[in-house]
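Asks: Structure file upload_28.txt (compact mmCIF, C-alpha atoms) right here:
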```txt
# COMPACT_ATOMS: atom_id res chain seq x y z
CA MET C 1 -1.93 -15.84 -26.86
CA ALA C 2 -4.27 -12.90 -26.84
CA THR C 3 -7.65 -13.64 -28.40
CA PRO C 4 -9.96 -10.78 -29.34
CA ILE C 5 -13.19 -10.53 -27.43
CA PRO C 6 -16.12 -10.14 -29.87
CA GLU C 7 -17.88 -7.17 -28.22
CA ARG C 8 -14.67 -5.16 -28.18
CA GLU C 9 -14.29 -3.87 -31.68
CA THR C 10 -10.80 -2.69 -32.54
CA ILE C 11 -10.31 0.46 -34.60
CA SER C 12 -6.72 1.45 -33.89
CA VAL C 13 -4.14 -0.52 -35.82
CA PRO C 14 -0.85 -1.32 -34.07
CA PRO C 15 2.21 0.21 -35.77
CA ASP C 16 3.43 -3.08 -37.24
CA GLY C 17 0.01 -3.63 -38.84
CA ARG C 18 -0.31 -7.25 -37.72
CA PRO C 19 -3.73 -8.52 -36.50
CA LEU C 20 -4.62 -8.42 -32.83
CA ASP C 21 -4.12 -12.14 -32.20
CA GLN C 22 -0.47 -11.79 -33.18
CA GLN C 23 0.07 -8.85 -30.87
CA PRO C 24 1.55 -9.07 -27.38
CA ALA C 25 -0.98 -9.53 -24.58
CA TRP C 26 -0.42 -6.07 -23.10
CA ARG C 27 -2.18 -4.52 -26.11
CA GLN C 28 -5.43 -5.97 -24.76
CA ASP C 29 -4.72 -4.70 -21.27
CA PHE C 30 -3.85 -1.18 -22.43
CA PRO C 31 -5.99 -0.58 -25.52
CA ILE C 32 -5.88 2.75 -27.31
CA ASP C 33 -9.53 2.62 -28.28
CA TRP C 34 -11.95 4.19 -25.86
CA PRO C 35 -14.68 1.49 -26.03
CA GLN C 36 -12.18 -1.25 -25.21
CA ASP C 37 -10.75 0.81 -22.42
CA SER C 38 -14.11 1.29 -20.74
CA TYR C 39 -14.86 -2.40 -21.23
CA ILE C 40 -11.81 -3.28 -19.15
CA GLU C 41 -12.89 -0.85 -16.51
CA ARG C 42 -16.29 -2.49 -16.22
CA ARG C 43 -14.69 -5.88 -15.71
CA ASP C 44 -12.33 -4.39 -13.17
CA PHE C 45 -15.30 -2.89 -11.38
CA VAL C 46 -16.94 -6.30 -10.98
CA LYS C 47 -13.64 -7.66 -9.73
CA PHE C 48 -13.44 -4.78 -7.29
CA LEU C 49 -16.98 -5.48 -6.03
CA THR C 50 -16.23 -9.16 -5.53
CA LEU C 51 -12.96 -8.60 -3.72
CA THR C 52 -14.42 -5.85 -1.55
CA SER C 53 -17.35 -7.96 -0.42
CA LEU C 54 -14.93 -10.81 0.23
CA ALA C 55 -12.85 -8.48 2.38
CA PHE C 56 -15.96 -7.44 4.31
CA ALA C 57 -16.94 -11.09 4.86
CA VAL C 58 -13.46 -11.91 6.16
CA GLY C 59 -13.64 -8.85 8.42
CA GLN C 60 -16.94 -10.04 9.89
CA LEU C 61 -15.48 -13.48 10.57
CA TRP C 62 -12.48 -11.89 12.26
CA ILE C 63 -14.72 -9.78 14.50
CA ALA C 64 -16.83 -12.82 15.38
CA GLY C 65 -13.70 -14.79 16.21
CA LYS C 66 -12.32 -12.01 18.38
CA SER C 67 -15.52 -11.67 20.39
CA TRP C 68 -15.72 -15.46 20.81
CA LEU C 69 -12.16 -15.46 22.17
CA ARG C 70 -12.97 -12.62 24.52
CA SER C 71 -16.04 -14.40 25.87
CA ARG C 72 -13.80 -17.30 26.87
CA GLU C 73 -11.53 -15.08 28.93
CA LEU C 74 -11.70 -15.75 32.63
CA PRO C 75 -13.77 -13.28 34.67
CA ALA C 76 -11.80 -10.74 36.64
CA GLY C 77 -11.05 -11.86 40.16
CA ALA C 78 -11.90 -10.06 43.34
CA LYS C 79 -9.86 -7.02 44.22
CA ARG C 80 -9.71 -5.11 47.46
CA ILE C 81 -10.68 -1.49 46.99
CA ALA C 82 -10.78 0.12 50.38
CA SER C 83 -11.99 -0.33 53.90
CA THR C 84 -15.20 1.19 55.14
CA ALA C 85 -13.22 3.47 57.40
CA ASP C 86 -11.63 5.18 54.36
CA LEU C 87 -14.91 6.65 53.15
CA SER C 88 -17.30 8.90 54.96
CA VAL C 89 -20.93 9.08 53.83
CA GLY C 90 -21.15 11.02 50.55
CA ALA C 91 -17.46 10.54 49.76
CA THR C 92 -16.12 9.01 46.54
CA LEU C 93 -13.07 6.96 45.72
CA VAL C 94 -11.53 6.26 42.32
CA PHE C 95 -9.97 2.85 41.80
CA ASP C 96 -8.82 0.67 38.90
CA TYR C 97 -10.81 -2.44 38.12
CA PRO C 98 -10.50 -4.95 36.47
CA ALA C 99 -7.43 -3.85 34.45
CA PRO C 100 -4.91 -1.28 35.73
CA HIS C 101 -6.26 1.53 33.54
CA ASP C 102 -10.00 0.89 33.85
CA SER C 103 -10.98 3.66 36.23
CA CYS C 104 -14.01 3.04 38.42
CA ILE C 105 -15.63 5.18 41.03
CA LEU C 106 -16.93 4.06 44.43
CA VAL C 107 -19.55 6.16 46.22
CA ARG C 108 -20.76 5.74 49.80
CA LEU C 109 -24.40 6.76 49.61
CA ALA C 110 -25.41 5.95 53.18
CA GLU C 111 -23.98 4.29 56.29
CA ALA C 112 -24.26 0.85 54.73
CA GLU C 113 -24.95 1.65 51.10
CA TYR C 114 -22.14 1.64 48.55
CA VAL C 115 -22.25 1.74 44.76
CA ALA C 116 -19.45 1.51 42.23
CA PHE C 117 -19.51 2.18 38.48
CA SER C 118 -17.06 2.39 35.67
CA GLN C 119 -15.86 5.96 35.38
CA LYS C 120 -15.81 5.86 31.62
CA CYS C 121 -18.77 7.67 30.07
CA THR C 122 -20.56 5.42 27.58
CA HIS C 123 -20.72 8.28 25.07
CA LEU C 124 -17.08 9.13 24.30
CA SER C 125 -15.21 7.68 27.28
CA CYS C 126 -14.66 10.87 29.26
CA ALA C 127 -14.29 10.40 33.02
CA VAL C 128 -17.58 11.01 34.86
CA ILE C 129 -17.67 12.93 38.13
CA ALA C 130 -19.84 11.83 41.03
CA ARG C 131 -22.14 14.50 42.50
CA PRO C 132 -23.75 12.75 45.46
CA ASP C 133 -25.53 15.96 46.53
CA GLN C 134 -27.42 16.03 43.20
CA GLY C 135 -27.72 12.28 42.97
CA VAL C 136 -25.95 12.06 39.60
CA PHE C 137 -22.77 11.13 37.85
CA HIS C 138 -22.00 14.07 35.59
CA CYS C 139 -19.96 13.92 32.41
CA PRO C 140 -18.47 17.38 31.71
CA CYS C 141 -17.57 16.68 28.10
CA HIS C 142 -21.09 16.72 26.66
CA GLU C 143 -23.27 17.33 29.71
CA GLY C 144 -24.28 13.72 30.14
CA SER C 145 -25.87 12.62 33.42
CA PHE C 146 -26.31 9.21 35.00
CA GLU C 147 -28.34 8.29 38.04
CA LEU C 148 -26.10 7.83 41.06
CA ARG C 149 -27.87 4.77 42.41
CA THR C 150 -28.38 2.75 39.22
CA GLY C 151 -26.07 4.25 36.59
CA ARG C 152 -29.07 4.82 34.31
CA VAL C 153 -28.79 7.63 31.75
CA ILE C 154 -30.96 10.59 32.71
CA ALA C 155 -29.67 13.31 30.42
CA GLY C 156 -27.35 13.98 27.55
CA PRO C 157 -25.92 11.92 24.72
CA PRO C 158 -24.72 8.69 26.45
CA PRO C 159 -26.41 5.69 24.80
CA ARG C 160 -26.07 3.13 27.60
CA PRO C 161 -25.99 3.08 31.41
CA LEU C 162 -22.64 3.00 33.20
CA PRO C 163 -21.31 -0.54 33.77
CA ARG C 164 -21.87 -1.43 37.41
CA ILE C 165 -19.12 -2.94 39.57
CA ARG C 166 -20.29 -5.73 41.87
CA LEU C 167 -19.17 -5.18 45.43
CA GLN C 168 -18.63 -7.59 48.28
CA PHE C 169 -17.97 -6.84 51.91
CA GLU C 170 -15.82 -8.90 54.24
CA GLY C 171 -15.75 -7.29 57.60
CA ASP C 172 -14.52 -3.76 57.02
CA GLU C 173 -12.98 -4.47 53.67
CA ILE C 174 -14.70 -3.68 50.35
CA PHE C 175 -13.94 -5.90 47.37
CA ALA C 176 -14.82 -5.52 43.70
CA THR C 177 -15.83 -8.91 42.32
CA GLY C 178 -17.12 -8.32 38.83
CA VAL C 179 -18.54 -6.02 36.19
CA GLU C 180 -22.21 -6.09 35.24
CA GLY C 181 -22.85 -5.65 31.53
CA GLY C 182 -19.15 -5.74 30.65
CA MET C 183 -16.65 -2.93 30.34
CA VAL C 184 -16.63 -1.04 27.08
CA MET E 1 -19.97 10.70 -32.04
CA LYS E 2 -18.55 12.61 -35.00
CA PRO E 3 -20.56 11.98 -38.19
CA ASP E 4 -18.51 9.89 -40.62
CA HIS E 5 -19.33 11.91 -43.74
CA LEU E 6 -17.82 15.12 -42.30
CA ASN E 7 -14.08 15.54 -42.57
CA PHE E 8 -11.51 18.10 -41.52
CA TYR E 9 -9.42 19.57 -44.36
CA ILE E 10 -6.34 21.73 -43.89
CA ASP E 11 -5.10 23.81 -46.76
CA PRO E 12 -1.84 25.41 -45.56
CA SER E 13 -1.39 27.42 -48.75
CA ARG E 14 -4.56 29.37 -47.95
CA CYS E 15 -3.47 30.34 -44.44
CA ILE E 16 -3.04 34.11 -44.05
CA GLY E 17 -1.79 34.00 -40.45
CA CYS E 18 -4.66 36.04 -39.01
CA GLN E 19 -4.72 34.07 -35.75
CA ALA E 20 -8.53 33.89 -35.78
CA CYS E 21 -8.36 30.11 -35.29
CA VAL E 22 -6.04 30.54 -32.30
CA GLN E 23 -8.50 32.88 -30.63
CA ALA E 24 -11.55 30.79 -31.53
CA CYS E 25 -9.92 27.62 -30.27
CA SER E 26 -9.75 28.96 -26.75
CA GLU E 27 -13.51 29.50 -26.83
CA CYS E 28 -14.21 25.80 -27.06
CA ASP E 29 -15.48 24.22 -23.86
CA THR E 30 -13.37 21.09 -24.09
CA HIS E 31 -10.17 23.13 -23.82
CA ARG E 32 -11.13 25.20 -20.78
CA GLY E 33 -9.92 28.47 -22.22
CA GLU E 34 -6.64 27.20 -23.62
CA SER E 35 -5.91 27.44 -27.31
CA MET E 36 -4.88 24.06 -28.68
CA ILE E 37 -4.01 25.20 -32.17
CA HIS E 38 -0.44 26.05 -33.14
CA LEU E 39 0.00 28.67 -35.84
CA GLU E 40 3.49 27.95 -37.11
CA TYR E 41 5.70 30.04 -39.38
CA VAL E 42 7.17 27.87 -42.09
CA ASP E 43 10.35 29.86 -42.47
CA ARG E 44 10.12 33.02 -40.44
CA ALA E 45 13.26 34.60 -41.83
CA ALA E 46 12.35 34.21 -45.45
CA SER E 47 8.56 34.20 -45.59
CA VAL E 48 5.37 35.26 -43.85
CA GLN E 49 3.72 31.94 -44.70
CA THR E 50 2.02 30.35 -41.75
CA VAL E 51 0.52 26.90 -41.20
CA PRO E 52 -2.24 26.08 -38.75
CA VAL E 53 -1.31 22.87 -36.90
CA VAL E 54 -4.19 20.92 -35.44
CA CYS E 55 -4.17 17.32 -34.29
CA MET E 56 -4.18 15.06 -37.34
CA HIS E 57 -5.95 12.23 -35.44
CA CYS E 58 -3.73 9.39 -36.66
CA ASP E 59 -5.06 5.93 -37.30
CA GLN E 60 -2.09 4.65 -35.30
CA PRO E 61 -1.70 7.41 -32.74
CA THR E 62 1.99 7.50 -31.83
CA CYS E 63 1.21 9.66 -28.80
CA ALA E 64 -1.03 6.91 -27.42
CA GLU E 65 1.48 4.20 -28.34
CA VAL E 66 4.19 5.82 -26.22
CA CYS E 67 1.98 6.87 -23.29
CA PRO E 68 3.22 4.98 -20.23
CA ALA E 69 0.13 5.90 -18.20
CA ASP E 70 -2.47 4.63 -20.69
CA ALA E 71 -3.97 8.11 -20.71
CA ILE E 72 -4.48 8.89 -24.40
CA LYS E 73 -7.54 7.27 -25.92
CA ARG E 74 -9.19 7.26 -29.31
CA THR E 75 -12.96 7.25 -29.58
CA GLU E 76 -14.89 5.09 -32.02
CA ASP E 77 -15.15 7.93 -34.55
CA GLY E 78 -11.34 8.07 -34.80
CA VAL E 79 -10.82 11.24 -32.73
CA VAL E 80 -7.76 11.06 -30.49
CA GLN E 81 -8.76 12.73 -27.24
CA SER E 82 -6.75 14.82 -24.81
CA ALA E 83 -5.06 12.88 -22.01
CA ARG E 84 -7.39 11.46 -19.38
CA LYS E 85 -6.88 13.74 -16.43
CA PRO E 86 -6.79 11.05 -13.69
CA ARG E 87 -4.17 9.06 -15.59
CA CYS E 88 -1.85 11.63 -17.19
CA ILE E 89 1.46 11.96 -15.37
CA ALA E 90 2.71 14.85 -17.55
CA CYS E 91 5.81 12.89 -18.58
CA GLY E 92 5.86 14.53 -22.00
CA ASN E 93 6.46 11.31 -23.95
CA CYS E 94 3.62 12.20 -26.31
CA VAL E 95 5.15 15.63 -26.94
CA MET E 96 8.39 13.94 -28.02
CA ALA E 97 6.68 11.24 -30.06
CA CYS E 98 4.05 13.13 -32.04
CA PRO E 99 5.33 13.54 -35.61
CA PHE E 100 3.26 16.69 -36.05
CA GLY E 101 4.24 18.33 -32.75
CA VAL E 102 0.68 18.68 -31.50
CA PRO E 103 0.49 17.66 -27.80
CA GLU E 104 1.53 20.12 -25.16
CA VAL E 105 2.19 19.49 -21.48
CA TYR E 106 0.78 22.05 -19.07
CA GLU E 107 3.17 21.93 -16.15
CA ASP E 108 0.94 23.99 -13.88
CA ARG E 109 -1.81 21.36 -13.94
CA LYS E 110 0.44 18.37 -14.76
CA LEU E 111 -1.63 17.46 -17.77
CA MET E 112 -1.18 16.99 -21.48
CA MET E 113 -3.80 18.79 -23.53
CA LYS E 114 -4.16 18.67 -27.27
CA CYS E 115 -6.58 19.43 -30.05
CA ASP E 116 -9.55 17.07 -29.79
CA MET E 117 -11.33 18.47 -32.85
CA CYS E 118 -13.65 20.38 -30.47
CA TYR E 119 -15.23 17.12 -29.46
CA ASP E 120 -18.20 18.74 -27.75
CA ARG E 121 -19.06 20.36 -31.08
CA THR E 122 -18.07 17.79 -33.70
CA SER E 123 -19.74 14.95 -31.77
CA ILE E 124 -23.09 16.65 -32.33
CA GLY E 125 -22.41 17.51 -35.97
CA LYS E 126 -21.12 21.08 -35.52
CA LYS E 127 -17.89 22.39 -37.01
CA PRO E 128 -14.78 22.79 -34.87
CA MET E 129 -14.28 26.36 -33.65
CA CYS E 130 -11.25 27.04 -35.86
CA ALA E 131 -13.06 25.95 -39.02
CA THR E 132 -16.04 28.19 -38.23
CA VAL E 133 -13.89 31.34 -38.06
CA CYS E 134 -11.16 30.76 -40.66
CA PRO E 135 -11.72 33.60 -43.18
CA SER E 136 -9.71 31.96 -45.99
CA GLN E 137 -11.04 28.47 -45.23
CA ALA E 138 -7.54 27.11 -44.75
CA LEU E 139 -9.29 25.09 -42.08
CA PHE E 140 -12.36 23.52 -43.64
CA TYR E 141 -14.83 21.09 -42.13
CA GLY E 142 -17.32 19.46 -44.44
CA THR E 143 -18.01 16.65 -46.85
CA ALA E 144 -15.72 15.25 -49.53
CA GLU E 145 -18.09 16.52 -52.25
CA GLU E 146 -17.93 20.07 -50.93
CA ILE E 147 -14.14 20.19 -50.87
CA GLU E 148 -13.93 18.70 -54.35
CA ARG E 149 -16.22 21.39 -55.70
CA LEU E 150 -14.47 24.22 -53.84
CA ARG E 151 -10.84 23.21 -54.54
CA PRO E 152 -10.61 21.62 -57.98
CA GLN E 153 -6.85 22.30 -58.11
CA SER E 154 -6.08 20.37 -54.92
CA ILE E 155 -6.50 16.84 -53.76
CA PRO E 156 -6.94 15.79 -50.15
CA THR E 157 -4.34 13.44 -48.75
CA ASN E 158 -4.04 11.75 -45.40
CA GLN E 159 -0.82 9.78 -45.87
CA PHE E 160 2.43 11.12 -44.51
CA GLN E 161 5.87 9.62 -44.48
CA PHE E 162 8.26 10.33 -41.61
CA GLY E 163 11.44 8.40 -42.33
CA ASN E 164 10.27 4.81 -42.52
CA GLN E 165 6.99 5.44 -40.74
CA VAL E 166 3.91 5.91 -42.89
CA ILE E 167 1.11 7.64 -41.06
CA THR E 168 -2.51 7.76 -42.11
CA THR E 169 -4.65 10.34 -40.44
CA ARG E 170 -8.28 11.25 -39.99
CA VAL E 171 -7.61 14.91 -40.84
CA LEU E 172 -6.80 15.60 -44.48
CA VAL E 173 -4.31 18.02 -45.96
CA MET E 174 -4.95 19.64 -49.34
CA ALA E 175 -2.03 19.05 -51.69
CA PRO E 176 -1.68 20.41 -55.22
CA ARG E 177 -2.91 17.95 -57.82
CA GLY E 178 -0.05 15.89 -59.22
CA PRO E 179 0.08 13.77 -62.33
CA VAL E 180 -3.02 11.63 -62.76
CA GLY E 181 -2.85 8.17 -61.19
CA ILE E 182 -0.24 8.94 -58.55
CA THR E 183 -1.51 8.94 -54.99
CA PRO E 184 -0.24 12.11 -53.43
CA SER E 185 1.93 11.58 -50.42
CA VAL E 186 3.54 14.36 -48.44
CA ARG E 187 7.23 13.65 -47.97
CA VAL E 188 7.86 15.51 -44.78
CA THR E 189 11.45 14.35 -44.41
CA ALA E 190 12.31 14.58 -48.09
CA SER E 191 15.09 17.09 -47.56
CA LEU E 192 16.68 14.85 -44.91
CA ASP E 193 16.52 11.78 -47.17
CA SER E 194 18.25 13.44 -50.08
CA GLY E 195 20.92 14.88 -47.83
CA LEU E 196 20.15 18.36 -49.08
CA ALA E 197 19.47 20.56 -46.12
CA SER E 198 17.83 23.86 -46.87
CA PRO E 199 20.25 26.80 -46.69
CA ASP E 200 20.61 28.24 -43.24
CA PRO E 201 19.34 31.84 -43.35
CA PHE E 202 21.72 32.78 -40.51
CA ASP E 203 24.83 31.53 -42.33
CA GLU E 204 27.49 34.13 -42.93
CA VAL E 205 27.45 35.22 -46.52
CA GLU E 206 30.68 36.03 -48.33
CA LEU E 207 30.54 39.43 -49.92
```
Kindly present the structure from the file in structure tokens form.

Replies:
Amino acid sequence: MATPIPERETISVPPDGRPLDQQPAWRQDFPIDWPQDSYIERRDFVKFLTLTSLAFAVGQLWIAGKSWLRSRELPAGAKRIASTADLSVGATLVFDYPAPHDSCILVRLAEAEYVAFSQKCTHLSCAVIARPDQGVFHCPCHEGSFELRTGRVIAGPPPRPLPRIRLQFEGDEIFATGVEGGMV
Amino acid sequence: MKPDHLNFYIDPSRCIGCQACVQACSECDTHRGESMIHLEYVDRAASVQTVPVVCMHCDQPTCAEVCPADAIKRTEDGVVQSARKPRCIACGNCVMACPFGVPEVYEDRKLMMKCDMCYDRTSIGKKPMCATVCPSQALFYGTAEEIERLRPQSIPTNQFQFGNQVITTRVLVMAPRGPVGITPSVRVTASLDSGLASPDPFDEVEL
């Protein structure tokens, strides 16, 4: 049974003229009087705040759980990229590591010096272009530049250095064995 | 909030049909340039008598009772406001339900708008626009003492009977003084009850 709430004074009389406690419950939910109507809205607002913060809390837990699960994933195994004969000094080679669509770029800087980085710009994921003559990786989307040797940001909007791919040599073969700093 | 001692009195017999209230109504800020007053002809074929129809601000607002969207609200001072814009679905239920034919649905903006007694004015103690311009004071806004002094031949009433429904309103209508001791009540559907319909002016007349 609907019981009147003291601070909500009723002024409109229902058509049958009976008191509010004999009226159906929907009359309290949809009152005609303005003060009662705004009272409901205030209560709804508090409900909204509570439920929204609950939703945010659940969202945080979900994100934490996802990142915990990801940290338990096994590290990517070694993958053969190329042989040293494939690259001359100053040449570049694009390969996928660790997943099929994660483009990376291998650069032969000197006779025995190779570096490999993720090709995805840390700003908005455009593909970076290696410019060994200038000593930079250049991102054409927003004029971002990374140092060729270290992947450090030297110009433009990128917030983080390029993730570095660990390389291993076995005879003439070049293998990628891991990602430093994690792929984004 | 509208001051309690000020009331709205309508005296249809004083209306001269000048349309001043219609024009003034559209000047009020709460209506956004639309006139909310209806100036109705009582019997256009037989008479030039007009009646200004403003919202009567019922104590049991039928328009609000039938609103499926919970859009029509009544403020503490008893003024029934226009439909809340975010809620109104322009279904027109209120137009059908209102015994006085006051609400109007504006299809272009999907909104019901009605007379709200110029709430921006009356809530700060000013007169509604129509009452400020009415030259014959058919629309009068003031205290009970004033109207008693000005219209000794009439008595204000706010009870109306529509079939079995008795409606009390916040706006008062001036009715001619009847025999002493009888509370005046306007029988709006009297002709329907008695089964005597008024003669149709368009009926063919035998010569």

Asks: Using only C-alpha atoms, can you list as an mmCIF file with C-alpha atoms, keeping the file's coordinate frame the residues within 10 Å of (-17.3, 3.2, 37.9)?

Replies:
```
data_model
loop_
_atom_site.group_PDB
_atom_site.id
_atom_site.type_symbol
_atom_site.label_atom_id
_atom_site.label_comp_id
_atom_site.auth_asym_id
_atom_site.auth_seq_id
_atom_site.Cartn_x
_atom_site.Cartn_y
_atom_site.Cartn_z
ATOM 1 C CA LEU C 93 -13.070 6.960 45.720
ATOM 2 C CA VAL C 94 -11.530 6.260 42.320
ATOM 3 C CA PHE C 95 -9.970 2.850 41.800
ATOM 4 C CA ASP C 96 -8.820 0.670 38.900
ATOM 5 C CA TYR C 97 -10.810 -2.440 38.120
ATOM 6 C CA ASP C 102 -10.000 0.890 33.850
ATOM 7 C CA SER C 103 -10.980 3.660 36.230
ATOM 8 C CA CYS C 104 -14.010 3.040 38.420
ATOM 9 C CA ILE C 105 -15.630 5.180 41.030
ATOM 10 C CA LEU C 106 -16.930 4.060 44.430
ATOM 11 C CA VAL C 107 -19.550 6.160 46.220
ATOM 12 C CA VAL C 115 -22.250 1.740 44.760
ATOM 13 C CA ALA C 116 -19.450 1.510 42.230
ATOM 14 C CA PHE C 117 -19.510 2.180 38.480
ATOM 15 C CA SER C 118 -17.060 2.390 35.670
ATOM 16 C CA GLN C 119 -15.860 5.960 35.380
ATOM 17 C CA LYS C 120 -15.810 5.860 31.620
ATOM 18 C CA CYS C 121 -18.770 7.670 30.070
ATOM 19 C CA ALA C 127 -14.290 10.400 33.020
ATOM 20 C CA VAL C 128 -17.580 11.010 34.860
ATOM 21 C CA ILE C 129 -17.670 12.930 38.130
ATOM 22 C CA ALA C 130 -19.840 11.830 41.030
ATOM 23 C CA PHE C 137 -22.770 11.130 37.850
ATOM 24 C CA GLY C 151 -26.070 4.250 36.590
ATOM 25 C CA LEU C 162 -22.640 3.000 33.200
ATOM 26 C CA PRO C 163 -21.310 -0.540 33.770
ATOM 27 C CA ARG C 164 -21.870 -1.430 37.410
ATOM 28 C CA ILE C 165 -19.120 -2.940 39.570
ATOM 29 C CA VAL C 179 -18.540 -6.020 36.190
ATOM 30 C CA MET C 183 -16.650 -2.930 30.340
#
```

Asks: Let me make sure I understand: among E:Ile167, E:Ile124, E:Ala20, E:Cys94, which one has the smallest atom-to-atom distance to chain C if we use all atoms listed in the file?

Replies: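 Answer, going by the shortest atom-to-atom distance: E:Ile167.
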
Asks: Counting only C-alpha atoms, which of C:Gln28, C:Gln22, C:Ser71, C:Thr92 gets nearest to chain E?

Replies: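 Nearest to chain E: C:Gln28.
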
Asks: For chain C, list the residues within 10 Å of chain E, counting only C-alpha atoms, and write the list as number ranges by chain.

Replies: C: 9-17, 27, 29-37

Asks: For a test of reading the model, state the distance in Å between CA of Val54 in chain E and CA of Cys115 in chain E, rounded to one decimal.

Replies: 6.1 Å

Asks: For Val51 in chain E, find every residue with an atom within 7 Å (counting all atoms listed in the file), except residues of its own chain fewer than 2 positions away, and show them as a PyMOL selection string.

Replies: chain E and resi 12+15+39-42+49+53

Asks: How far is it from CA of His31 in chain E to CA of Met112 in chain E, in Å with one decimal?

Replies: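 Taking CA of His31 in chain E as the start and CA of Met112 in chain E as the end point, the length is 11.1 Å.
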
Asks: Quick one: distance from CA of Gly135 in chain C to CA of Arg149 in chain C in Å, one decimal?

Replies: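 According to the coordinates, CA of Gly135 in chain C and CA of Arg149 in chain C are separated by 7.5 Å.
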
Asks: Taking (-26.9, 17.1, 29.5) as a centre in this file's frame and 9 Å as the limit, can you find every polymer residue with an atom that close, using only C-alpha atoms, and give them as JSON, numbers by chain?

Replies: {"C": [138, 139, 140, 142, 143, 144, 145, 154, 155, 156, 157]}

Asks: Do a neighbour search on Ala90 in chain E at 7 Å with all atoms listed in the file, toss out local chain neighbours closer than 6 positions, and write the hits as a PyMOL selection string.

Replies: chain E and resi 105+110-112

Asks: Write out as JSON, numbers by chain each polymer residue whose atoms come within 6 Å of range 139-141 of chain E, counting only C-alpha atoms; drop sequence neighbours fewer than 3 positions from it.

Replies: {"E": [7, 8, 9, 10, 131]}

Asks: Kindly indicate which residue among C:Lys66, C:Arg80, C:Lys47, C:Arg72 lies nearest to Phe175 in chain C, using all atoms listed in the file for the distances.

Replies: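 Comparing C:Lys66, C:Arg80, C:Lys47, C:Arg72 against Phe175 in chain C, the winner is C:Arg80.
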